[in-house]
$ cat coords.cif   # mmCIF, C-alpha atoms
data_final
loop_
_atom_site.label_atom_id
_atom_site.label_comp_id
_atom_site.auth_asym_id
_atom_site.auth_seq_id
_atom_site.Cartn_x
_atom_site.Cartn_y
_atom_site.Cartn_z
CA MET A 1 27.57 9.24 10.18
CA ILE A 2 23.95 8.18 10.53
CA ILE A 3 23.04 9.77 7.17
CA LYS A 4 25.38 7.43 5.31
CA GLU A 5 24.04 4.42 7.22
CA LYS A 6 20.44 5.35 6.47
CA LEU A 7 21.07 6.01 2.78
CA GLU A 8 22.68 2.60 2.40
CA GLN A 9 19.66 1.14 4.18
CA ALA A 10 17.36 3.03 1.78
CA VAL A 11 19.03 1.42 -1.22
CA GLU A 12 18.32 -2.05 0.15
CA ILE A 13 14.71 -1.09 0.89
CA LEU A 14 14.23 0.15 -2.70
CA LYS A 15 15.53 -3.19 -3.98
CA ARG A 16 13.14 -5.06 -1.72
CA GLU A 17 10.18 -2.87 -2.72
CA ASN A 18 11.05 -3.04 -6.44
CA VAL A 19 10.96 0.76 -6.79
CA ASP A 20 13.07 2.54 -9.43
CA CYS A 21 13.62 5.77 -7.50
CA TRP A 22 12.56 7.57 -4.37
CA ILE A 23 12.18 11.35 -4.45
CA THR A 24 11.99 13.57 -1.39
CA PHE A 25 10.90 16.97 -2.74
CA VAL A 26 11.00 19.96 -0.35
CA ARG A 27 11.50 23.71 0.09
CA GLU A 28 12.10 26.03 3.08
CA THR A 29 12.34 23.04 5.36
CA GLN A 30 12.63 25.04 8.58
CA ILE A 31 8.96 25.82 7.98
CA ASN A 32 7.76 22.80 5.98
CA GLY A 33 10.27 20.11 6.80
CA ASP A 34 9.58 16.55 5.73
CA PRO A 35 9.80 14.18 8.75
CA VAL A 36 12.34 12.01 6.90
CA LEU A 37 14.86 14.82 6.30
CA PRO A 38 17.06 14.18 9.39
CA PHE A 39 18.03 10.86 7.77
CA LEU A 40 18.96 12.54 4.47
CA VAL A 41 20.57 15.92 5.20
CA PRO A 42 22.35 17.49 8.19
CA ALA A 43 20.54 20.85 8.16
CA ALA A 44 17.59 22.74 6.68
CA LEU A 45 17.23 23.21 2.91
CA THR A 46 16.10 26.55 1.54
CA TRP A 47 15.16 26.51 -2.13
CA HIS A 48 13.27 23.75 -3.97
CA SER A 49 15.32 20.61 -3.40
CA ALA A 50 15.09 16.98 -4.48
CA ILE A 51 16.85 14.05 -2.82
CA ILE A 52 16.76 11.09 -5.21
CA ILE A 53 17.83 7.53 -4.35
CA THR A 54 17.85 4.54 -6.71
CA PRO A 55 18.12 0.79 -6.07
CA ASP A 56 21.40 0.60 -8.01
CA ASP A 57 23.08 2.57 -5.20
CA GLN A 58 22.94 6.00 -6.80
CA LYS A 59 22.27 8.94 -4.51
CA TYR A 60 21.61 12.42 -5.86
CA ALA A 61 20.80 15.80 -4.36
CA ILE A 62 19.48 18.73 -6.39
CA VAL A 63 19.70 21.78 -4.12
CA GLY A 64 20.13 25.53 -4.18
CA LYS A 65 23.63 26.94 -4.68
CA TYR A 66 24.21 27.74 -1.01
CA ASP A 67 23.23 24.28 0.22
CA VAL A 68 25.68 22.40 -2.03
CA GLU A 69 28.70 22.36 0.30
CA MET A 70 26.61 21.30 3.29
CA ILE A 71 25.36 18.26 1.35
CA LYS A 72 28.78 17.44 -0.12
CA GLU A 73 30.32 17.45 3.36
CA THR A 74 28.26 14.38 4.30
CA LYS A 75 30.15 12.34 1.66
CA ALA A 76 26.92 10.38 1.34
CA TYR A 77 25.89 11.45 -2.18
CA ASP A 78 27.28 10.45 -5.57
CA ASP A 79 26.32 13.75 -7.14
CA VAL A 80 25.25 17.07 -5.61
CA ILE A 81 23.75 19.31 -8.27
CA GLY A 82 23.46 23.00 -7.46
CA TYR A 83 21.29 25.56 -9.22
CA ILE A 84 20.48 29.26 -9.02
CA SER A 85 17.38 30.10 -11.06
CA ASP A 86 15.92 26.84 -12.38
CA PHE A 87 15.49 23.64 -10.36
CA LYS A 88 13.24 22.01 -12.96
CA ALA A 89 15.85 21.55 -15.71
CA PRO A 90 18.33 19.50 -13.64
CA LEU A 91 15.46 17.46 -12.16
CA ILE A 92 14.11 16.59 -15.62
CA GLN A 93 17.58 15.77 -16.90
CA LEU A 94 18.27 13.43 -13.99
CA LEU A 95 14.91 11.68 -14.26
CA LYS A 96 15.46 11.12 -17.97
CA GLN A 97 18.74 9.48 -17.08
CA ILE A 98 17.10 7.21 -14.47
CA ASN A 99 13.98 6.56 -16.60
CA PRO A 100 11.93 5.28 -13.65
CA LYS A 101 8.81 3.12 -13.96
CA LYS A 102 7.95 3.48 -10.25
CA ILE A 103 8.62 6.82 -8.55
CA ALA A 104 8.03 6.76 -4.78
CA VAL A 105 7.21 10.12 -3.21
CA ASN A 106 6.48 11.05 0.38
CA TYR A 107 2.71 11.02 0.69
CA SER A 108 0.59 8.66 2.76
CA ILE A 109 -3.03 8.29 3.83
CA ASP A 110 -2.33 6.29 7.00
CA SER A 111 1.06 7.40 8.31
CA GLU A 112 2.01 10.90 9.46
CA ILE A 113 5.73 10.10 9.31
CA CYS A 114 5.45 9.33 5.58
CA ASP A 115 3.25 12.27 4.57
CA GLY A 116 5.80 15.05 4.32
CA LEU A 117 5.06 16.19 0.76
CA THR A 118 2.83 19.28 0.95
CA HIS A 119 -0.06 19.54 -1.48
CA GLY A 120 1.55 22.48 -3.27
CA MET A 121 4.83 20.62 -3.75
CA TYR A 122 2.90 17.56 -4.93
CA LEU A 123 1.26 19.66 -7.64
CA ILE A 124 4.63 21.09 -8.73
CA LEU A 125 6.17 17.63 -8.94
CA TYR A 126 3.09 16.20 -10.66
CA ASN A 127 3.24 18.85 -13.38
CA ILE A 128 6.96 18.26 -13.96
CA LEU A 129 6.37 14.53 -14.29
CA LYS A 130 3.39 15.19 -16.56
CA GLU A 131 5.67 17.07 -18.97
CA MET A 132 7.71 13.87 -19.14
CA GLY A 133 4.75 11.51 -19.37
CA LEU A 134 5.62 10.07 -15.94
CA GLU A 135 2.74 11.47 -13.84
CA ASN A 136 1.10 8.05 -13.55
CA ASN A 137 4.31 6.47 -12.32
CA MET A 138 4.07 8.06 -8.85
CA ILE A 139 3.37 5.81 -5.87
CA SER A 140 3.40 6.36 -2.12
CA ALA A 141 6.80 6.04 -0.44
CA GLU A 142 5.13 4.85 2.77
CA ASN A 143 6.81 1.44 2.80
CA ILE A 144 10.22 2.99 2.13
CA VAL A 145 10.00 5.79 4.68
CA SER A 146 8.41 3.52 7.30
CA SER A 147 11.15 0.93 7.00
CA LEU A 148 13.89 3.55 7.04
CA ARG A 149 12.58 5.18 10.21
CA GLU A 150 11.49 2.02 11.99
CA GLN A 151 14.40 -0.37 11.50
CA LYS A 152 17.19 1.21 13.47
CA SER A 153 20.83 1.07 12.43
CA GLN A 154 23.46 -0.03 14.92
CA THR A 155 24.48 3.56 15.57
CA GLU A 156 20.88 4.57 16.22
CA ILE A 157 20.43 1.65 18.63
CA GLU A 158 23.53 2.63 20.61
CA ILE A 159 22.42 6.27 20.86
CA MET A 160 18.89 5.37 21.91
CA LYS A 161 20.11 2.91 24.55
CA LYS A 162 22.10 5.73 26.11
CA ALA A 163 19.00 7.96 26.08
CA VAL A 164 16.99 5.25 27.85
CA ASP A 165 19.65 4.63 30.48
CA ILE A 166 19.93 8.35 31.28
CA ALA A 167 16.16 8.69 31.71
CA ASP A 168 16.03 5.62 33.94
CA GLU A 169 18.89 6.94 36.09
CA ILE A 170 17.13 10.28 36.59
CA LEU A 171 13.83 8.62 37.54
CA LYS A 172 15.64 6.47 40.11
CA ASP A 173 17.18 9.61 41.63
CA THR A 174 13.73 11.21 41.68
CA ALA A 175 12.58 8.64 44.26
CA ASP A 176 14.94 10.28 46.77
CA PHE A 177 13.46 13.73 46.07
CA ILE A 178 9.77 12.87 46.38
CA LYS A 179 8.12 13.39 49.78
CA SER A 180 4.81 14.54 51.19
CA GLY A 181 4.17 18.20 50.53
CA VAL A 182 6.15 18.62 47.30
CA THR A 183 4.09 19.49 44.25
CA GLU A 184 3.96 17.97 40.79
CA ILE A 185 5.72 21.14 39.59
CA ASP A 186 8.50 20.63 42.18
CA ILE A 187 9.07 17.07 40.95
CA ALA A 188 9.11 18.16 37.31
CA GLU A 189 11.60 20.94 38.04
CA PHE A 190 13.89 18.50 39.86
CA ILE A 191 13.85 16.21 36.81
CA ARG A 192 14.43 19.04 34.33
CA ASN A 193 17.37 20.28 36.39
CA GLU A 194 18.89 16.79 36.32
CA VAL A 195 18.55 16.81 32.54
CA LYS A 196 20.24 20.22 32.31
CA LYS A 197 23.12 19.03 34.52
CA ARG A 198 23.84 16.41 31.86
CA GLY A 199 23.80 18.98 29.07
CA LEU A 200 20.69 17.48 27.49
CA THR A 201 17.07 18.38 26.80
CA VAL A 202 13.83 16.55 27.46
CA ALA A 203 12.37 14.27 24.79
CA TRP A 204 9.28 16.30 23.99
CA GLU A 205 7.75 19.69 24.86
CA PRO A 206 9.11 20.86 28.26
CA ALA A 207 5.64 21.99 29.33
CA VAL A 208 4.55 18.35 29.51
CA CYS A 209 7.88 16.52 29.85
CA PRO A 210 8.00 15.18 32.41
CA SER A 211 4.31 14.61 33.05
CA VAL A 212 3.73 14.08 36.77
CA PHE A 213 0.47 12.82 38.29
CA THR A 214 0.01 12.35 42.03
CA GLY A 215 -3.00 10.72 43.63
CA PRO A 216 -6.51 10.06 42.29
CA ASP A 217 -8.59 12.13 39.87
CA THR A 218 -5.77 13.56 37.74
CA ALA A 219 -5.63 14.30 34.00
CA GLU A 220 -3.82 10.91 33.77
CA ALA A 221 -1.68 11.70 30.69
CA HIS A 222 -0.40 14.39 28.32
CA PHE A 223 -0.86 17.25 30.79
CA ARG A 224 1.44 19.71 32.52
CA PRO A 225 2.49 19.29 36.15
CA THR A 226 0.30 21.24 38.59
CA LYS A 227 0.52 22.70 42.10
CA ARG A 228 -1.13 19.57 43.45
CA LYS A 229 0.79 18.28 46.48
CA VAL A 230 1.99 14.75 47.10
CA GLU A 231 0.18 13.14 50.03
CA LYS A 232 0.62 9.91 51.93
CA GLY A 233 -1.34 7.16 50.20
CA HIS A 234 -0.76 8.64 46.73
CA LEU A 235 0.41 6.74 43.69
CA ILE A 236 2.70 8.92 41.59
CA ASN A 237 3.12 8.32 37.87
CA ILE A 238 5.91 10.03 35.91
CA ASP A 239 6.12 9.94 32.10
CA PHE A 240 9.53 11.12 30.89
CA GLY A 241 12.31 10.84 28.35
CA VAL A 242 15.48 12.63 27.29
CA ARG A 243 16.81 13.66 23.91
CA TYR A 244 20.37 12.46 23.33
CA LYS A 245 22.17 13.10 20.03
CA ASN A 246 18.79 13.88 18.45
CA TYR A 247 17.17 10.58 19.56
CA THR A 248 14.66 10.13 22.34
CA SER A 249 13.64 7.78 25.13
CA ASP A 250 10.15 7.39 26.61
CA ILE A 251 9.49 5.54 29.87
CA GLN A 252 7.11 5.74 32.83
CA ARG A 253 7.78 4.81 36.44
CA MET A 254 5.55 4.32 39.48
CA TYR A 255 6.03 5.54 43.06
CA TYR A 256 3.92 5.09 46.21
CA VAL A 257 4.00 7.28 49.33
CA VAL A 258 3.29 5.05 52.33
CA LYS A 259 0.93 6.03 55.09
CA ASP A 260 2.13 6.10 58.71
CA ASN A 261 0.53 2.78 59.60
CA GLU A 262 1.58 0.88 56.47
CA ASN A 263 4.33 -1.72 56.44
CA ASN A 264 3.48 -3.11 52.99
CA LEU A 265 1.86 -1.83 49.84
CA PRO A 266 -1.93 -1.74 50.07
CA GLU A 267 -3.48 -4.76 48.37
CA PRO A 268 -5.16 -2.74 45.57
CA VAL A 269 -1.84 -1.05 44.77
CA GLN A 270 0.16 -4.28 44.78
CA LYS A 271 -2.42 -6.07 42.65
CA GLY A 272 -2.59 -3.24 40.11
CA PHE A 273 1.18 -3.14 39.81
CA ASP A 274 1.40 -6.91 39.37
CA VAL A 275 -1.29 -6.91 36.68
CA ILE A 276 0.38 -4.12 34.71
CA LYS A 277 3.79 -5.75 35.06
CA THR A 278 2.48 -9.13 33.87
CA ALA A 279 0.56 -7.59 30.96
CA ILE A 280 3.77 -5.93 29.76
CA ARG A 281 5.69 -9.19 29.92
CA LYS A 282 2.95 -11.10 28.11
CA ALA A 283 3.08 -8.55 25.31
CA LYS A 284 6.89 -8.60 25.13
CA ASP A 285 6.97 -12.40 24.98
CA MET A 286 4.70 -12.36 21.91
CA MET A 287 6.73 -9.82 19.96
CA LYS A 288 8.89 -10.96 17.05
CA PRO A 289 9.19 -10.19 13.32
CA GLY A 290 6.02 -10.95 11.38
CA VAL A 291 3.58 -10.59 14.29
CA VAL A 292 1.15 -7.67 13.94
CA GLY A 293 0.61 -5.09 16.66
CA TYR A 294 -3.11 -5.81 16.96
CA ASP A 295 -2.45 -9.29 18.34
CA ILE A 296 0.08 -7.98 20.85
CA ASP A 297 -2.24 -5.24 22.06
CA LYS A 298 -5.07 -7.78 22.37
CA ILE A 299 -3.21 -10.14 24.72
CA ALA A 300 -2.33 -7.32 27.18
CA ARG A 301 -5.74 -5.64 26.89
CA GLU A 302 -7.63 -8.88 27.58
CA TYR A 303 -5.37 -9.77 30.51
CA ILE A 304 -6.08 -6.45 32.22
CA VAL A 305 -9.85 -6.64 31.60
CA ASN A 306 -9.98 -10.27 32.77
CA ASN A 307 -8.40 -9.15 36.05
CA GLY A 308 -11.28 -6.80 36.72
CA TYR A 309 -10.05 -3.49 35.34
CA GLY A 310 -11.41 -1.22 32.62
CA GLU A 311 -9.99 -1.24 29.12
CA PHE A 312 -7.20 1.31 28.71
CA PRO A 313 -8.27 4.03 26.24
CA HIS A 314 -5.24 4.07 23.95
CA ALA A 315 -2.84 1.81 22.05
CA LEU A 316 -0.60 -0.50 24.05
CA GLY A 317 2.59 0.87 22.59
CA HIS A 318 4.24 2.99 19.91
CA GLN A 319 7.61 3.19 18.27
CA VAL A 320 10.33 5.59 19.40
CA GLY A 321 13.11 7.25 17.45
CA ILE A 322 13.92 10.86 16.62
CA PHE A 323 10.49 11.57 18.08
CA ASP A 324 9.00 9.91 21.12
CA HIS A 325 6.08 8.80 18.90
CA ASP A 326 7.82 7.60 15.76
CA GLY A 327 7.02 4.92 13.20
CA THR A 328 4.01 3.53 11.36
CA ALA A 329 3.56 0.09 12.95
CA LEU A 330 1.63 0.32 16.23
CA LEU A 331 0.76 -2.03 19.07
CA GLY A 332 -2.88 -1.07 19.04
CA PRO A 333 -6.53 -2.08 18.76
CA ASP A 334 -8.68 -2.08 15.64
CA TRP A 335 -9.91 1.50 16.09
CA GLU A 336 -10.70 3.78 13.16
CA LYS A 337 -8.24 6.47 14.23
CA TYR A 338 -5.34 4.02 14.01
CA ALA A 339 -6.19 3.01 10.41
CA GLN A 340 -3.93 0.12 9.29
CA LYS A 341 -1.12 0.82 11.76
CA PRO A 342 -2.03 -2.08 14.12
CA PHE A 343 -1.85 -4.51 11.20
CA LYS A 344 1.67 -3.67 10.08
CA PRO A 345 4.00 -6.62 10.82
CA LEU A 346 6.87 -6.10 13.22
CA LYS A 347 10.41 -6.07 11.79
CA GLU A 348 13.83 -6.58 13.25
CA ASN A 349 15.36 -3.56 15.04
CA MET A 350 12.08 -1.79 15.63
CA ILE A 351 11.98 -0.16 19.10
CA PHE A 352 8.60 0.04 20.85
CA THR A 353 7.13 1.18 24.12
CA ILE A 354 4.70 -1.05 26.01
CA GLU A 355 2.49 1.09 28.27
CA PRO A 356 -0.84 -0.29 29.49
CA ARG A 357 -2.61 1.50 32.34
CA LEU A 358 -5.37 1.00 34.87
CA ASN A 359 -7.06 3.09 37.52
CA ILE A 360 -6.90 2.27 41.23
CA PRO A 361 -9.71 4.23 42.93
CA GLY A 362 -8.52 6.34 45.85
CA TYR A 363 -4.84 5.93 44.92
CA GLY A 364 -4.30 7.08 41.33
CA ILE A 365 -3.24 5.83 37.93
CA MET A 366 -1.01 2.78 37.52
CA SER A 367 1.02 2.87 34.30
CA ILE A 368 4.48 1.52 33.68
CA GLU A 369 6.09 2.21 30.29
CA GLU A 370 8.95 0.02 29.14
CA MET A 371 10.90 0.02 25.88
CA VAL A 372 11.72 -3.14 23.93
CA ILE A 373 13.65 -3.90 20.75
CA VAL A 374 12.54 -6.51 18.22
CA LYS A 375 15.28 -8.99 17.36
CA LYS A 376 15.40 -11.85 14.82
CA ASP A 377 13.15 -14.23 16.75
CA ARG A 378 12.05 -12.38 19.89
CA ALA A 379 11.90 -9.03 21.67
CA GLU A 380 14.44 -7.93 24.27
CA TRP A 381 14.25 -5.30 26.99
CA PHE A 382 15.60 -1.96 25.82
CA SER A 383 14.83 -0.19 29.09
CA ASN A 384 15.67 -1.58 32.52
CA PRO A 385 12.23 -2.90 33.53
CA GLN A 386 10.70 -1.70 36.77
CA GLU A 387 10.36 -4.76 39.01
CA ASP A 388 8.95 -3.03 42.09
CA ILE A 389 7.21 0.23 42.89
CA TYR A 390 9.50 2.89 44.29
CA ILE A 391 8.33 3.21 47.91
CA ILE A 392 8.52 6.70 49.41
CA LYS A 393 8.82 6.88 53.21
CA ASN A 394 8.78 10.20 55.05
#
$ encode --input "coords.cif" --output "structure tokens"
Amino acid sequence: MIIKEKLEQAVEILKRENVDCWITFVRETQINGDPVLPFLVPAALTWHSAIIITPDDQKYAIVGKYDVEMIKETKAYDDVIGYISDFKAPLIQLLKQINPKKIAVNYSIDSEICDGLTHGMYLILYNILKEMGLENNMISAENIVSSLREQKSQTEIEIMKKAVDIADEILKDTADFIKSGVTEIDIAEFIRNEVKKRGLTVAWEPAVCPSVFTGPDTAEAHFRPTKRKVEKGHLINIDFGVRYKNYTSDIQRMYYVVKDNENNLPEPVQKGFDVIKTAIRKAKDMMKPGVVGYDIDKIAREYIVNNGYGEFPHALGHQVGIFDHDGTALLGPDWEKYAQKPFKPLKENMIFTIEPRLNIPGYGIMSIEEMVIVKKDRAEWFSNPQEDIYIIKN
């Protein structure tokens, strides 16, 4: 089970970070769920609950009476402590036993995936620790949660590879469906039906997954498919992923509908594709543990600009996991909105997208999105990279 794998991983992270215990403190998690919970418990928690991990391989869960059996069934915890009326007493007793000098809790200034502790729950926990004289021992769990989410276990890698391969297969089949006269909505419905045939769901909100953009002057990204019709001479960009066993994929593919008098791709289209393809490979070749995302983004960004195109208005790539945007480290520029994410060093078994884009006037947006996995001394393809544009002939 992934929960057991991730808890063992958490123990090693706590040792590395020299932290005495990590507390995930939650309540009514269907409403206010911490982003890290899928790695810790198999279902929602109702009453005030504390998941506590220590570097000496002790794993505790303090939960309401009716959640005890669900946690025990994971066989991942050394002790599952149930309560009815008072969660504070068992929490204080356990913390006295651990006697922690550093208590990591899930708040973060820079990372949304590590900021699951609500302000109200922070105040409750703070006051409990204050009773014990431990209120000044709290630190951010950002490094712990980031590492746990970002560095995939072997099971996670196998699941995600399947999700990528399914998405790639569907986008290949889509090339046979596209023709002049079909709309962006038609293409999206074809893709969603292919997902349903496989008993799966799309990776993010169905209203915008897949995103389909045909021809020039589109919304370019993060927008629903429209009634706009495919025409000869259009570039078509599709952004898509599937959810498989709770993990996602996220790739983009390019298609071109040839005009009647065309035997080859128009020069602007071929050049744009080649530039994007090369920029992706330059970025991939630079990726390895220890390198920061800013430097990787910079090499692709400069290559595209030096070839005469405008700077793409977003980060080069993001991590993928349970969510299609998942993880703290980012392949991105030094922009205020990204905070310190572009300066986080890459680590082994992180899975990233690489997705630069450029505009080809009169044809549309050119954007390929590949997925790569960081290994010990390099990055490897995680998706099956698009080598040529899918050419649509009527």
$ resolve_selection --input "coords.cif" --expression "the PyMOL selection byres ((chain A and resi 381-388) around 8)" --output "mmCIF file with C-alpha atoms, in the coordinates of the input"
data_model
loop_
_atom_site.group_PDB
_atom_site.id
_atom_site.type_symbol
_atom_site.label_atom_id
_atom_site.label_comp_id
_atom_site.auth_asym_id
_atom_site.auth_seq_id
_atom_site.Cartn_x
_atom_site.Cartn_y
_atom_site.Cartn_z
ATOM 1 C CA LYS A 161 20.110 2.910 24.550
ATOM 2 C CA VAL A 164 16.990 5.250 27.850
ATOM 3 C CA ASP A 165 19.650 4.630 30.480
ATOM 4 C CA ASP A 168 16.030 5.620 33.940
ATOM 5 C CA ILE A 251 9.490 5.540 29.870
ATOM 6 C CA ARG A 253 7.780 4.810 36.440
ATOM 7 C CA LYS A 277 3.790 -5.750 35.060
ATOM 8 C CA ILE A 351 11.980 -0.160 19.100
ATOM 9 C CA ILE A 368 4.480 1.520 33.680
ATOM 10 C CA GLU A 370 8.950 0.020 29.140
ATOM 11 C CA MET A 371 10.900 0.020 25.880
ATOM 12 C CA VAL A 372 11.720 -3.140 23.930
ATOM 13 C CA ILE A 373 13.650 -3.900 20.750
ATOM 14 C CA ALA A 379 11.900 -9.030 21.670
ATOM 15 C CA GLU A 380 14.440 -7.930 24.270
ATOM 16 C CA ILE A 389 7.210 0.230 42.890
ATOM 17 C CA TYR A 390 9.500 2.890 44.290
#
$ closest_residue --input "coords.cif" --among "A:Gly33, A:Gly64, A:Gly293, A:Gly199" --to "Ile84 of chain A" --atoms "all atoms listed in the file"
A:Gly64
$ residues_around --input "coords.cif" --residues "segment 87-93 of chain A" --least-positions-apart "6" --cutoff "12 Å" --atoms "only C-alpha atoms" --output "PyMOL selection string"
chain A and resi 23-27+47-52+60-65+79-81+99-100+124-134
$ resolve_selection --input "coords.cif" --expression "the PyMOL selection byres ((chain A and resi 2-12) around 8)" --output "ChimeraX atom specification"
/A:1,13-16,38-42,53-57,59,74-76,144,148,153,155-156
$ closest_residue --input "coords.cif" --among "A:Ala315, A:Ala44, A:Ile103, A:Cys21" --to "Trp335 of chain A" --atoms "all atoms listed in the file"
A:Ala315
$ resolve_selection --input "coords.cif" --expression "the PyMOL selection byres ((chain A and resi 198) around 12)" --output "number ranges by chain"
A: 163, 166-167, 169-170, 191-197, 199-202, 242-244
$ write_last_selection --input "coords.cif" --atoms "C-alpha atoms" --output "tab-separated table (two decimals), keeping the file's coordinate frame"
chain	number	residue	atom	x	y	z
A	163	ALA	CA	19.00	7.96	26.08
A	166	ILE	CA	19.93	8.35	31.28
A	167	ALA	CA	16.16	8.69	31.71
A	169	GLU	CA	18.89	6.94	36.09
A	170	ILE	CA	17.13	10.28	36.59
A	191	ILE	CA	13.85	16.21	36.81
A	192	ARG	CA	14.43	19.04	34.33
A	193	ASN	CA	17.37	20.28	36.39
A	194	GLU	CA	18.89	16.79	36.32
A	195	VAL	CA	18.55	16.81	32.54
A	196	LYS	CA	20.24	20.22	32.31
A	197	LYS	CA	23.12	19.03	34.52
A	199	GLY	CA	23.80	18.98	29.07
A	200	LEU	CA	20.69	17.48	27.49
A	201	THR	CA	17.07	18.38	26.80
A	202	VAL	CA	13.83	16.55	27.46
A	242	VAL	CA	15.48	12.63	27.29
A	243	ARG	CA	16.81	13.66	23.91
A	244	TYR	CA	20.37	12.46	23.33
$ build_atoms --input "coords.cif" --residues "segment 321-332 of chain A" --atoms "N, CA and C atoms" --output "PDB file, keeping the file's coordinate frame"
ATOM      1  N   GLY A 321      11.943   6.991  18.277  1.00  0.00           N
ATOM      2  CA  GLY A 321      13.110   7.250  17.450  1.00  0.00           C
ATOM      3  C   GLY A 321      13.560   8.681  17.618  1.00  0.00           C
ATOM      4  N   ILE A 322      13.610   9.433  16.529  1.00  0.00           N
ATOM      5  CA  ILE A 322      13.920  10.860  16.620  1.00  0.00           C
ATOM      6  C   ILE A 322      12.833  11.573  17.415  1.00  0.00           C
ATOM      7  N   PHE A 323      11.607  11.076  17.277  1.00  0.00           N
ATOM      8  CA  PHE A 323      10.490  11.570  18.080  1.00  0.00           C
ATOM      9  C   PHE A 323      10.082  10.487  19.069  1.00  0.00           C
ATOM     10  N   ASP A 324       9.420  10.925  20.154  1.00  0.00           N
ATOM     11  CA  ASP A 324       9.000   9.910  21.120  1.00  0.00           C
ATOM     12  C   ASP A 324       7.843   9.074  20.594  1.00  0.00           C
ATOM     13  N   HIS A 325       7.058   9.595  19.647  1.00  0.00           N
ATOM     14  CA  HIS A 325       6.080   8.800  18.900  1.00  0.00           C
ATOM     15  C   HIS A 325       6.582   8.768  17.463  1.00  0.00           C
ATOM     16  N   ASP A 326       7.096   7.639  17.017  1.00  0.00           N
ATOM     17  CA  ASP A 326       7.820   7.600  15.760  1.00  0.00           C
ATOM     18  C   ASP A 326       7.657   6.236  15.108  1.00  0.00           C
ATOM     19  N   GLY A 327       7.174   6.200  13.888  1.00  0.00           N
ATOM     20  CA  GLY A 327       7.020   4.920  13.200  1.00  0.00           C
ATOM     21  C   GLY A 327       5.571   4.654  12.837  1.00  0.00           C
ATOM     22  N   THR A 328       5.366   3.826  11.829  1.00  0.00           N
ATOM     23  CA  THR A 328       4.010   3.530  11.360  1.00  0.00           C
ATOM     24  C   THR A 328       3.396   2.364  12.125  1.00  0.00           C
ATOM     25  N   ALA A 329       4.116   1.258  12.241  1.00  0.00           N
ATOM     26  CA  ALA A 329       3.560   0.090  12.950  1.00  0.00           C
ATOM     27  C   ALA A 329       3.256   0.459  14.398  1.00  0.00           C
ATOM     28  N   LEU A 330       2.128  -0.045  14.901  1.00  0.00           N
ATOM     29  CA  LEU A 330       1.630   0.320  16.230  1.00  0.00           C
ATOM     30  C   LEU A 330       1.132  -0.920  16.946  1.00  0.00           C
ATOM     31  N   LEU A 331       1.371  -0.993  18.245  1.00  0.00           N
ATOM     32  CA  LEU A 331       0.760  -2.030  19.070  1.00  0.00           C
ATOM     33  C   LEU A 331      -0.585  -1.476  19.521  1.00  0.00           C
ATOM     34  N   GLY A 332      -1.628  -1.737  18.756  1.00  0.00           N
ATOM     35  CA  GLY A 332      -2.880  -1.070  19.040  1.00  0.00           C
ATOM     36  C   GLY A 332      -4.105  -1.862  18.637  1.00  0.00           C
TER      37      GLY A 332
END
